[in-house]
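Visitor: First the structure, then my questions, so here it is.
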Amino acid sequence: MSFVIQRASGRGLALTQVRGKLLRIGRGTNAELRSENPAVALEHAVIEGDATGFTITDKGSITGTYVNRRPVETARLSRSDVIEIGDLRIEVQVLEPGKPLFLRISSTAAAAGAAFDEEESVATPGAGSARGGVLKAPKVDYVDAFRLKRAWLTKRSLVAILLIIAFLVVAEVTKPEKQTAFMPGGVSSAHARAKDASGEPIAKNCRACHDPWRGVSDASCTECHGKLPHAEQQTGVPACADCHSEHRDVAKLAASADATCSTCHRNLLAHVKDPALFATRPKDLLEITSFGGQHPDFSPRSDPDTLRFNHALHLKAGGIFNGEGRREELQCVQCHKLVETKGKADPVALKFRDACQRCHKLTFDPRFPDVEVPHGGDPGLVYGFVLATYAGNRDIVGKSPDEIRRILTSRPPVAPDERAVLNAEQVIKTKCSKCHVIERAGTRIAAKPPEIPARWLLHAKFSHTEHRNLACESCHEKARQSTKTADVLMPSRKDCTGCHGGPSAKSSSSCATCHEYHERSRLLLTKMAPAFKQRALRVNVLGGGAGMLNTVLLWAIVLLLLVVLVPAGLALVQRIRAGELDRAAGVRGAAPREGPSAKIPPLQPAEAAAAPAPPAPAPKPDNDATSMAPRPTQQAEGGATVMVQWYGLIQCTSGVLEGQRFIIEESGLYIGRDPALSQVAIPDKRISKRHIRIIPRDGKVMAIDQNSTNGTFLGKAGGERITEHQLKRGDILVLADNAATFVYQI
């Protein structure tokens with residue numbers, strides 16, 4: 001699918017063919033049909049073809065697109081439609097689905113320009129005047145003296161050469177061993193130690209953190225470190241680089257100053273999504289400056305445990321009776337033992353058998369002085385054990401809870417009598433209720449399991465590691481007065497400011513001492529490690545930090561070399577071909593043409609009958625192939641010799657143009673039915689609109705069929721059908737079924 005565009009200019013008609021399904025109309029350089037008129041937009045309209053026809057679409061222009069004097073946005077085109085765009089007037093001459101769309105272009109600017117051709121400097125005689133005429137001023141090119149004359153040495157090629165030199169300099173400066181000159185400072189110790197998949201430190205791999213043309217993004221950080229939101233009500237999450245600035249010779253990149261935190265927390269209402277939710281909060285929570293300055297007191301969680309425990313009783317000065325019947329004065333560390341785990345020391349979780357069972361025996365009946373209830377597990381286990389004991393099953397005594405559970409579930413149940421059931425419930429109500437809350441679950445009663453929190457300050461981190469040498473009661477001073485489990489024995493802020501954050505602080509403490517912006521875990525970092533390795537591997541494949549710019553520079557240099565070498569190569573080929581033609585012309589000689597012109601204009605059908613026959617050519621064999629036959633030279637006015645090239649002519653021997661001759665010029669000619677598409681028009685329906693083309697090529701004259709419907713034959717109708725044939729003197733071309741016959745003459 002293509003478009004054939006016919007333009008009218010001061011020198012005649014010019015045909016242009018545009019291949020493709022789209023014809024762009026506008027003032028921009030990418031338009032196939034251009035106009036410099038300001039009323040035409042850069043991208044004004046497009047004509048698009050499909051299997052059924054052609055459609056014109058306006059591209060949102062200001063002046064609009066008109067079809068048959070009506071403004072349109074999209075319209076199907078028909079034959080004889082007139083399209084008006086700015087100063088362009090486009091006539092649809094031929095429109096057939098599946099064939100090229102023929103458009104005739106005319107404009108007011110072209111009409112005005114036709115009356116005054118700046119490139120012509122000859123005088124045109126006026127009508128009815130024997131002397132004088134209209135004198136046209138010659139066109140003077142004042143920039144010609146400054147124009148680059150060589151075909152390959154242009155402004156574009158000079159710019160390309162300078163850019164290649166600049167890119168080579170940049171590539172040399174950005175080599176890995178020279179990139180440190182661009183670093184504002186050293187990287188943190190963690191980044192200096194970390195290595196990518198190839199074993200190289202990521203400190204030397206810029207692409208590990210920096211994306212070309214975009215810098216450091218949060219995605220580059222989260223691929224290795226992971227990141228969770230700081231608060232759900234936070235209006236905007238800051239970028240990683242806002243708090244953690246690399247290349248600042250900082251050993252620990254995670255450390256951040258208190259000023260970074262107080263930027264938001266000094267005026268918290270200005271940094272939350274819904275300030276109304278925080279309007280009732282205390283002022284010290286909304287305006288935090290520092291731990292030693294304005295800071296809210298600790299707000300530990302409430303104790304959810306239902307276990308009945310009395311600290312004051314266990315820490316009584318006189319002591320309490322232990323399991324052996326002796327008085328023993330207890331200390332906090334006897335139950336709350338510090339255990340070091342992963343470099344941090346914190347109290348171990350309390351268990352009955354470790355902290356309580358040595359004093360509290362779980363006997364439940366004087367008749368069974370050595371039988372103790374198994375502690376822990378589901379409440380049904382305790383109920384089943386007591387019930388089985390009263391029912392006479394003594395095999396479970398002394399067994400572990402898991403073994404007791406296996407025995408009770410694997411053996412057939414023993415049917416207890418009513419007294420055994422009453423005794424079991426009585427034991428649970430009287431014995432277990434001393435420490436546990438008893439509640440009924442279906443037909444049974446059981447003790448509610450304890451719930452001992454391990455973390456009391458939900459918004460802060462704390463470790464006993466640095467406090468292991470302090471007495472417990474120096475921070476938990478209310479423990480000896482506590483009689484209820486619900487008493488939260490956590491220290492207050494004033495217990496900490498003596499050492500942390502106050503004017504006489506013994507150790508430096510920042511916001512990060514107790515709080516952290518991101519939730520960290522080794523498990524999260526472990527999961528992110530494969531992603532980091534995968535990213536590092538991808539970076540190495542692309543060239544790593546050393547090749548971050550080299551790849552881009554290499555492709556840029558290759559493209560610029562093409563800009564320089566392609567024109568130079570084309571110029572070289574043209575010079576070689578020009579030299580060959582000159583040598584061939586020197587061997588064959590040259591022939592003059594009548595008049596001062598170097599070309600013979602084609603004879604039009606109306607003029608061909610009255611035109612004189614060309615000079616008789618020199619005799620040649622009938623089977624000799626065509627070539628550029630020389631004609632005798634003729635002395636032109638002023639003594640100069642005019643050299644022309646002769647390609648012969650064709651004479652119509654049958655049809656409506658019988659007897660007419662048509663000279664073959666260097667540009668060739670078309671024979672067909674449509675006078676808008678062919679120089680030789682034959683009004684016969686058997687002939688296609690553009691049937692055959694006669695054109696010189698490399699010194700030979702070729703006859704090329706233009707995919708005609710009824711074909712072109714050599715010698716006679718129905719003879720050899722040709723698609724492309726080199727003409728020899730005397731060859732006869734038959735169009736269709738004897739619609740017209742032409743004989744080639746030299």
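Numbering starts fresh at 1 for the residues of each chain in the structure tokens, the chains themselves are lettered A, B, ... in the order given, and ligands are numbered from 1 as they appear.
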Leaving out range 704-713 of chain A and any residue of its chain fewer than 4 positions from it, which residues lie within 10 Å of it when counting only C-alpha atoms, given as a ChimeraX atom specification?
Guide: /A:670-672,686-695,717-726,732-738,741
Visitor: Using only N, CA, C and O atoms, please write the residues we just selected to a file, as a short mmCIF file (atom, residue, chain, number, x, y, z; two decimals), in the first residue's frame.
Guide:
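Just written: out.cif:
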data_model
loop_
_atom_site.label_atom_id
_atom_site.label_comp_id
_atom_site.auth_asym_id
_atom_site.auth_seq_id
_atom_site.Cartn_x
_atom_site.Cartn_y
_atom_site.Cartn_z
N TYR A 670 6.38 6.78 -18.79
CA TYR A 670 5.37 5.78 -18.49
C TYR A 670 4.32 5.78 -19.62
O TYR A 670 3.97 6.85 -20.15
N ILE A 671 3.81 4.60 -19.96
CA ILE A 671 2.72 4.45 -20.91
C ILE A 671 1.55 3.85 -20.16
O ILE A 671 1.70 2.83 -19.47
N GLY A 672 0.36 4.45 -20.27
CA GLY A 672 -0.80 3.94 -19.55
C GLY A 672 -2.06 4.66 -19.97
O GLY A 672 -2.07 5.51 -20.88
N ARG A 686 -8.53 -1.53 -21.98
CA ARG A 686 -7.70 -2.74 -21.87
C ARG A 686 -6.31 -2.43 -21.33
O ARG A 686 -5.59 -3.33 -20.90
N ILE A 687 -5.96 -1.18 -21.34
CA ILE A 687 -4.64 -0.75 -20.86
C ILE A 687 -4.79 -0.25 -19.43
O ILE A 687 -5.73 0.49 -19.11
N SER A 688 -3.87 -0.62 -18.55
CA SER A 688 -3.89 -0.20 -17.15
C SER A 688 -3.56 1.28 -17.04
O SER A 688 -3.05 1.90 -17.99
N LYS A 689 -3.87 1.86 -15.86
CA LYS A 689 -3.63 3.28 -15.65
C LYS A 689 -2.15 3.62 -15.82
O LYS A 689 -1.80 4.68 -16.32
N ARG A 690 -1.30 2.78 -15.34
CA ARG A 690 0.14 2.90 -15.59
C ARG A 690 0.58 1.52 -16.03
O ARG A 690 0.77 0.62 -15.21
N HIS A 691 0.77 1.31 -17.36
CA HIS A 691 0.91 -0.03 -17.93
C HIS A 691 2.36 -0.49 -18.00
O HIS A 691 2.70 -1.58 -17.53
N ILE A 692 3.23 0.33 -18.59
CA ILE A 692 4.62 -0.06 -18.79
C ILE A 692 5.50 1.16 -18.65
O ILE A 692 5.06 2.30 -18.88
N ARG A 693 6.74 0.92 -18.24
CA ARG A 693 7.73 2.00 -18.10
C ARG A 693 8.92 1.71 -19.01
O ARG A 693 9.45 0.60 -19.01
N ILE A 694 9.36 2.73 -19.76
CA ILE A 694 10.56 2.65 -20.59
C ILE A 694 11.59 3.55 -19.94
O ILE A 694 11.37 4.78 -19.82
N ILE A 695 12.76 3.00 -19.51
CA ILE A 695 13.73 3.79 -18.76
C ILE A 695 15.14 3.31 -19.05
O ILE A 695 15.39 2.10 -19.16
N ALA A 717 0.74 -10.07 -30.18
CA ALA A 717 -0.22 -10.33 -29.12
C ALA A 717 -0.28 -11.83 -28.84
O ALA A 717 -0.35 -12.64 -29.76
N GLY A 718 -0.23 -12.17 -27.55
CA GLY A 718 -0.25 -13.58 -27.17
C GLY A 718 1.10 -14.23 -27.24
O GLY A 718 1.24 -15.43 -26.99
N GLY A 719 2.13 -13.45 -27.58
CA GLY A 719 3.48 -13.98 -27.64
C GLY A 719 4.10 -14.05 -26.24
O GLY A 719 3.44 -14.35 -25.26
N GLU A 720 5.40 -13.72 -26.18
CA GLU A 720 6.13 -13.79 -24.90
C GLU A 720 5.72 -12.60 -24.02
O GLU A 720 5.93 -11.45 -24.39
N ARG A 721 5.13 -12.91 -22.86
CA ARG A 721 4.74 -11.85 -21.92
C ARG A 721 5.95 -11.47 -21.08
O ARG A 721 6.63 -12.34 -20.52
N ILE A 722 6.24 -10.21 -21.02
CA ILE A 722 7.46 -9.75 -20.34
C ILE A 722 7.09 -9.05 -19.04
O ILE A 722 5.99 -8.50 -18.88
N THR A 723 8.04 -9.08 -18.11
CA THR A 723 7.97 -8.27 -16.90
C THR A 723 9.08 -7.22 -16.90
O THR A 723 8.88 -6.09 -16.48
N GLU A 724 10.27 -7.61 -17.43
CA GLU A 724 11.40 -6.68 -17.57
C GLU A 724 12.24 -7.18 -18.74
O GLU A 724 12.68 -8.34 -18.75
N HIS A 725 12.47 -6.30 -19.71
CA HIS A 725 13.14 -6.73 -20.94
C HIS A 725 14.04 -5.63 -21.43
O HIS A 725 13.69 -4.44 -21.42
N GLN A 726 15.28 -6.00 -21.87
CA GLN A 726 16.20 -5.05 -22.45
C GLN A 726 15.85 -4.87 -23.93
O GLN A 726 15.86 -5.83 -24.71
N ILE A 732 9.33 -5.04 -30.87
CA ILE A 732 7.93 -4.62 -30.92
C ILE A 732 7.29 -4.94 -29.58
O ILE A 732 7.35 -6.07 -29.10
N LEU A 733 6.68 -3.93 -28.97
CA LEU A 733 5.97 -4.09 -27.70
C LEU A 733 4.48 -4.00 -27.98
O LEU A 733 4.00 -3.01 -28.57
N VAL A 734 3.73 -5.04 -27.58
CA VAL A 734 2.28 -5.09 -27.78
C VAL A 734 1.63 -4.95 -26.41
O VAL A 734 1.89 -5.75 -25.50
N LEU A 735 0.77 -3.95 -26.23
CA LEU A 735 0.09 -3.70 -24.97
C LEU A 735 -1.28 -4.35 -25.02
O LEU A 735 -2.08 -4.06 -25.94
N ALA A 736 -1.56 -5.23 -24.04
CA ALA A 736 -2.84 -5.93 -23.93
C ALA A 736 -3.12 -6.69 -25.23
O ALA A 736 -2.21 -7.25 -25.84
N ASP A 737 -4.36 -6.68 -25.65
CA ASP A 737 -4.76 -7.43 -26.85
C ASP A 737 -4.76 -6.47 -28.04
O ASP A 737 -5.81 -6.02 -28.51
N ASN A 738 -3.52 -6.11 -28.52
CA ASN A 738 -3.34 -5.21 -29.66
C ASN A 738 -4.01 -3.85 -29.41
O ASN A 738 -4.45 -3.19 -30.36
N THR A 741 0.62 -0.76 -30.18
CA THR A 741 1.88 -1.42 -30.52
C THR A 741 2.94 -0.35 -30.71
O THR A 741 2.69 0.69 -31.34
#
Visitor: In Å to one decimal, how far is CA of Ala14 in chain A from CA of Leu727 in chain A?
Guide: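 According to the coordinates, CA of Leu727 in chain A and CA of Ala14 in chain A are separated by 26.5 Å.
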Visitor: Looking only at the backbone, which of the residues in range 288-407 of chain A does DSSP tag as alpha helix (DSSP H), as JSON, numbers by chain?
Guide: {"A": [311, 312, 313, 314, 332, 333, 334, 335, 352, 353, 354, 355, 379, 380, 381, 382, 383, 384, 385, 386, 387, 388, 389, 390, 401, 402, 403, 404, 405, 406, 407]}
Visitor: Can you pull out every residue within 12 Å of Leu277 in chain A, counting only C-alpha atoms, but drop anything in the same chain fewer than 6 positions away, and send it as a PyMOL selection string?
Guide: chain A and resi 233+268-269+286
Visitor: Take the residues from that selection and put them in a file with all heavy atoms, as a compact mmCIF listing (two decimals), in the first residue's frame.
Guide:
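Result file selection04.txt:
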# COMPACT_ATOMS: atom_id res chain seq x y z
N GLN A 233 0.12 6.20 60.32
CA GLN A 233 -0.45 7.53 60.17
C GLN A 233 0.53 8.54 59.59
O GLN A 233 0.22 9.71 59.45
CB GLN A 233 -0.94 8.04 61.54
CG GLN A 233 -2.13 7.28 62.09
CD GLN A 233 -3.37 7.47 61.22
OE1 GLN A 233 -3.57 8.52 60.63
NE2 GLN A 233 -4.19 6.44 61.15
N LEU A 268 4.44 16.84 65.85
CA LEU A 268 3.92 15.61 65.27
C LEU A 268 2.63 15.83 64.49
O LEU A 268 2.38 15.14 63.50
CB LEU A 268 3.69 14.58 66.39
CG LEU A 268 3.52 13.14 65.94
CD1 LEU A 268 4.77 12.65 65.24
CD2 LEU A 268 3.21 12.23 67.13
N LEU A 269 1.82 16.78 64.89
CA LEU A 269 0.53 17.00 64.22
C LEU A 269 0.71 17.42 62.77
O LEU A 269 -0.18 17.21 61.94
CB LEU A 269 -0.28 18.05 64.97
CG LEU A 269 -0.80 17.66 66.36
CD1 LEU A 269 -1.56 18.80 67.00
CD2 LEU A 269 -1.70 16.43 66.27
N LEU A 286 3.23 14.81 71.69
CA LEU A 286 3.17 15.45 70.38
C LEU A 286 4.35 16.37 70.12
O LEU A 286 4.61 16.73 68.97
CB LEU A 286 1.87 16.26 70.26
CG LEU A 286 0.57 15.47 70.45
CD1 LEU A 286 -0.62 16.41 70.37
CD2 LEU A 286 0.45 14.36 69.41
Visitor: Contacts of range 80-82 of chain A at 7 Å or less, counting only C-alpha atoms, minus same-chain residues fewer than 4 places along, as a ChimeraX atom specification?
Guide: /A:67-68,89-93
Visitor: Those selected residues, please, written with N, CA, C and O atoms and delivered as a compact mmCIF listing (two decimals), in the first residue's frame.
Guide:
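And here is the file that came out, out-v3.txt:
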# COMPACT_ATOMS: atom_id res chain seq x y z
N VAL A 67 -12.72 18.63 4.56
CA VAL A 67 -12.97 17.74 3.43
C VAL A 67 -14.23 18.25 2.74
O VAL A 67 -15.31 18.29 3.37
N ASN A 68 -14.08 18.65 1.50
CA ASN A 68 -15.19 19.24 0.74
C ASN A 68 -15.79 20.43 1.49
O ASN A 68 -17.00 20.56 1.65
N ARG A 89 -4.10 22.37 -0.87
CA ARG A 89 -5.35 21.90 -1.46
C ARG A 89 -5.06 20.54 -2.10
O ARG A 89 -4.29 20.44 -3.05
N ILE A 90 -5.63 19.48 -1.53
CA ILE A 90 -5.31 18.11 -1.92
C ILE A 90 -6.53 17.51 -2.59
O ILE A 90 -7.60 17.41 -1.97
N GLU A 91 -6.38 17.12 -3.86
CA GLU A 91 -7.48 16.51 -4.61
C GLU A 91 -7.25 15.01 -4.70
O GLU A 91 -6.16 14.55 -5.07
N VAL A 92 -8.26 14.22 -4.35
CA VAL A 92 -8.19 12.77 -4.45
C VAL A 92 -8.53 12.40 -5.88
O VAL A 92 -9.70 12.44 -6.29
N GLN A 93 -7.50 12.04 -6.68
CA GLN A 93 -7.70 11.74 -8.10
C GLN A 93 -8.11 10.29 -8.31
O GLN A 93 -9.05 9.99 -9.04
Visitor: If you measure from CA of Gly715 in chain A to CA of Phe742 in chain A, what distance in Å do you get, rounded to one decimal?
Guide: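 That distance, rounded to one decimal, is 9.8 Å.
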Visitor: Could you jot down the CA of Phe102 in chain A to CA of Leu22 in chain A separation for me, Å, one decimal place?
Guide: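 Atom-to-atom, CA of Phe102 in chain A to CA of Leu22 in chain A, that is 13.7 Å.
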Visitor: Could you check which of A:Ile407, A:Ala740, A:Ala160, A:Cys472 is closest to Cys335 in chain A, using only C-alpha atoms?
Guide: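 That would be A:Cys472, the residue with the smallest distance to Cys335 in chain A.
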Visitor: For Ala556 in chain A, please output as number ranges by chain all residues within 9 Å (counting only C-alpha atoms; exclusion window: fewer than 5 positions along the same chain).
Guide: A: 163-164, 167, 551, 561
Visitor: Could you give me the residues within range 282-503 of chain A that DSSP places in strand (DSSP E), as a list of chain:residue names?
Guide: A:Ile320, A:Phe321, A:Arg327, A:Glu328, A:Leu338, A:Val339, A:Glu340, A:Thr341, A:Lys344, A:Ala345, A:Asp346, A:Pro347, A:Ile438, A:Glu439, A:Arg440, A:Ala441, A:Arg444, A:Ile445, A:Ala446, A:Ala447
Visitor: Those residues you just picked out, can you put them in a file as a CSV table (one decimal), in the first residue's frame with C-alpha atoms?
Guide:
chain,number,residue,atom,x,y,z
A,320,ILE,CA,9.1,-18.0,103.5
A,321,PHE,CA,8.9,-21.8,103.9
A,327,ARG,CA,12.5,-20.7,105.9
A,328,GLU,CA,14.3,-19.2,102.9
A,338,LEU,CA,19.7,-13.6,83.2
A,339,VAL,CA,20.5,-15.7,80.2
A,340,GLU,CA,22.8,-14.4,77.4
A,341,THR,CA,21.5,-15.0,73.9
A,344,LYS,CA,22.3,-9.9,74.8
A,345,ALA,CA,21.5,-10.8,78.4
A,346,ASP,CA,17.8,-10.8,79.4
A,347,PRO,CA,15.7,-12.8,82.0
A,438,ILE,CA,-10.7,-21.8,87.4
A,439,GLU,CA,-13.3,-21.8,84.6
A,440,ARG,CA,-15.7,-24.4,83.2
A,441,ALA,CA,-15.1,-25.8,79.8
A,444,ARG,CA,-15.3,-30.1,83.0
A,445,ILE,CA,-13.6,-27.4,85.0
A,446,ALA,CA,-10.0,-26.4,84.4
A,447,ALA,CA,-7.4,-23.8,85.2
Visitor: Write out as an NGL selection string the residues lying within 8 Å of Phe309 in chain A, counting only C-alpha atoms and excluding same-chain residues fewer than 5 positions away.
Guide: :A and (435 or 483-485)
Visitor: Can those selected residues be exported to a file as a PDB file, in the first residue's frame so that it contains N, CA, C and O atoms?
Guide:
ATOM      1  N   CYS A 435      -3.513 -20.578  92.662  1.00  0.00           N
ATOM      2  CA  CYS A 435      -2.676 -19.799  91.730  1.00  0.00           C
ATOM      3  C   CYS A 435      -3.398 -19.460  90.436  1.00  0.00           C
ATOM      4  O   CYS A 435      -3.066 -18.460  89.786  1.00  0.00           O
ATOM      5  N   THR A 483       1.307  -6.675  95.674  1.00  0.00           N
ATOM      6  CA  THR A 483       0.569  -7.847  96.144  1.00  0.00           C
ATOM      7  C   THR A 483      -0.335  -8.434  95.067  1.00  0.00           C
ATOM      8  O   THR A 483      -0.945  -9.482  95.277  1.00  0.00           O
ATOM      9  N   LYS A 484      -0.425  -7.764  93.909  1.00  0.00           N
ATOM     10  CA  LYS A 484      -1.332  -8.207  92.854  1.00  0.00           C
ATOM     11  C   LYS A 484      -0.531  -8.484  91.568  1.00  0.00           C
ATOM     12  O   LYS A 484       0.479  -7.843  91.295  1.00  0.00           O
ATOM     13  N   THR A 485      -1.090  -9.409  90.853  1.00  0.00           N
ATOM     14  CA  THR A 485      -0.457  -9.718  89.569  1.00  0.00           C
ATOM     15  C   THR A 485      -0.588  -8.544  88.608  1.00  0.00           C
ATOM     16  O   THR A 485       0.292  -8.299  87.768  1.00  0.00           O
TER      17      THR A 485
END
Visitor: Of the residues A:Lys283, A:Lys728, A:Lys685, A:Arg156, which is the one nearest to Leu649 in chain A, using only C-alpha atoms?
Guide: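 Closest to Leu649 in chain A of all the choices is A:Lys728.
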Visitor: Within 8 Å of Ala479 in chain A, counting only C-alpha atoms, which residues qualify if same-chain residues fewer than 2 places away don't, as a PyMOL selection string?
Guide: chain A and resi 311-312+473+476-477+481-482+489
Visitor: Please dump the current selection as a short mmCIF file (atom, residue, chain, number, x, y, z; two decimals), in the first residue's frame; keep all heavy atoms.
Guide:
data_model
loop_
_atom_site.label_atom_id
_atom_site.label_comp_id
_atom_site.auth_asym_id
_atom_site.auth_seq_id
_atom_site.Cartn_x
_atom_site.Cartn_y
_atom_site.Cartn_z
N HIS A 311 4.33 -10.60 94.92
CA HIS A 311 5.75 -10.31 95.05
C HIS A 311 6.11 -9.97 96.50
O HIS A 311 7.19 -10.34 96.98
CB HIS A 311 6.14 -9.14 94.13
CG HIS A 311 6.42 -9.54 92.72
ND1 HIS A 311 5.45 -9.64 91.77
CD2 HIS A 311 7.59 -9.88 92.10
CE1 HIS A 311 5.97 -10.01 90.62
NE2 HIS A 311 7.28 -10.17 90.79
N ALA A 312 5.23 -9.22 97.17
CA ALA A 312 5.53 -8.81 98.55
C ALA A 312 5.69 -10.04 99.46
O ALA A 312 6.56 -10.07 100.35
CB ALA A 312 4.43 -7.89 99.07
N GLU A 473 16.15 -4.06 92.24
CA GLU A 473 15.25 -3.11 92.88
C GLU A 473 15.66 -1.66 92.67
O GLU A 473 14.91 -0.75 93.02
CB GLU A 473 15.15 -3.41 94.38
CG GLU A 473 14.52 -4.75 94.67
CD GLU A 473 14.37 -5.01 96.16
OE1 GLU A 473 13.88 -4.10 96.86
OE2 GLU A 473 14.74 -6.11 96.61
N HIS A 476 13.32 -1.60 89.61
CA HIS A 476 11.99 -2.12 89.94
C HIS A 476 11.77 -1.98 91.45
O HIS A 476 11.67 -2.96 92.19
CB HIS A 476 11.89 -3.59 89.52
CG HIS A 476 12.24 -3.82 88.08
ND1 HIS A 476 11.36 -3.60 87.05
CD2 HIS A 476 13.40 -4.27 87.50
CE1 HIS A 476 11.95 -3.89 85.90
NE2 HIS A 476 13.20 -4.29 86.15
N GLU A 477 11.69 -0.76 91.90
CA GLU A 477 11.67 -0.49 93.34
C GLU A 477 10.33 -0.82 93.99
O GLU A 477 10.26 -0.95 95.21
CB GLU A 477 12.01 0.98 93.58
CG GLU A 477 11.08 1.95 92.87
CD GLU A 477 11.54 3.39 93.03
OE1 GLU A 477 12.57 3.60 93.67
OE2 GLU A 477 10.85 4.28 92.50
N GLN A 481 6.46 -4.08 97.44
CA GLN A 481 5.15 -3.64 97.89
C GLN A 481 4.02 -4.20 97.02
O GLN A 481 2.84 -3.99 97.33
CB GLN A 481 5.06 -2.11 97.87
CG GLN A 481 5.90 -1.40 98.93
CD GLN A 481 7.35 -1.32 98.54
OE1 GLN A 481 7.66 -1.14 97.37
NE2 GLN A 481 8.26 -1.46 99.51
N SER A 482 4.33 -4.93 95.98
CA SER A 482 3.30 -5.41 95.05
C SER A 482 2.66 -6.67 95.60
O SER A 482 3.34 -7.64 95.95
CB SER A 482 3.92 -5.69 93.68
OG SER A 482 2.99 -6.29 92.84
N LEU A 489 5.43 -3.57 87.28
CA LEU A 489 6.59 -3.13 88.06
C LEU A 489 7.70 -2.58 87.17
O LEU A 489 8.88 -2.80 87.43
CB LEU A 489 7.11 -4.31 88.88
CG LEU A 489 6.08 -4.99 89.78
CD1 LEU A 489 6.69 -6.16 90.52
CD2 LEU A 489 5.49 -3.99 90.77
#
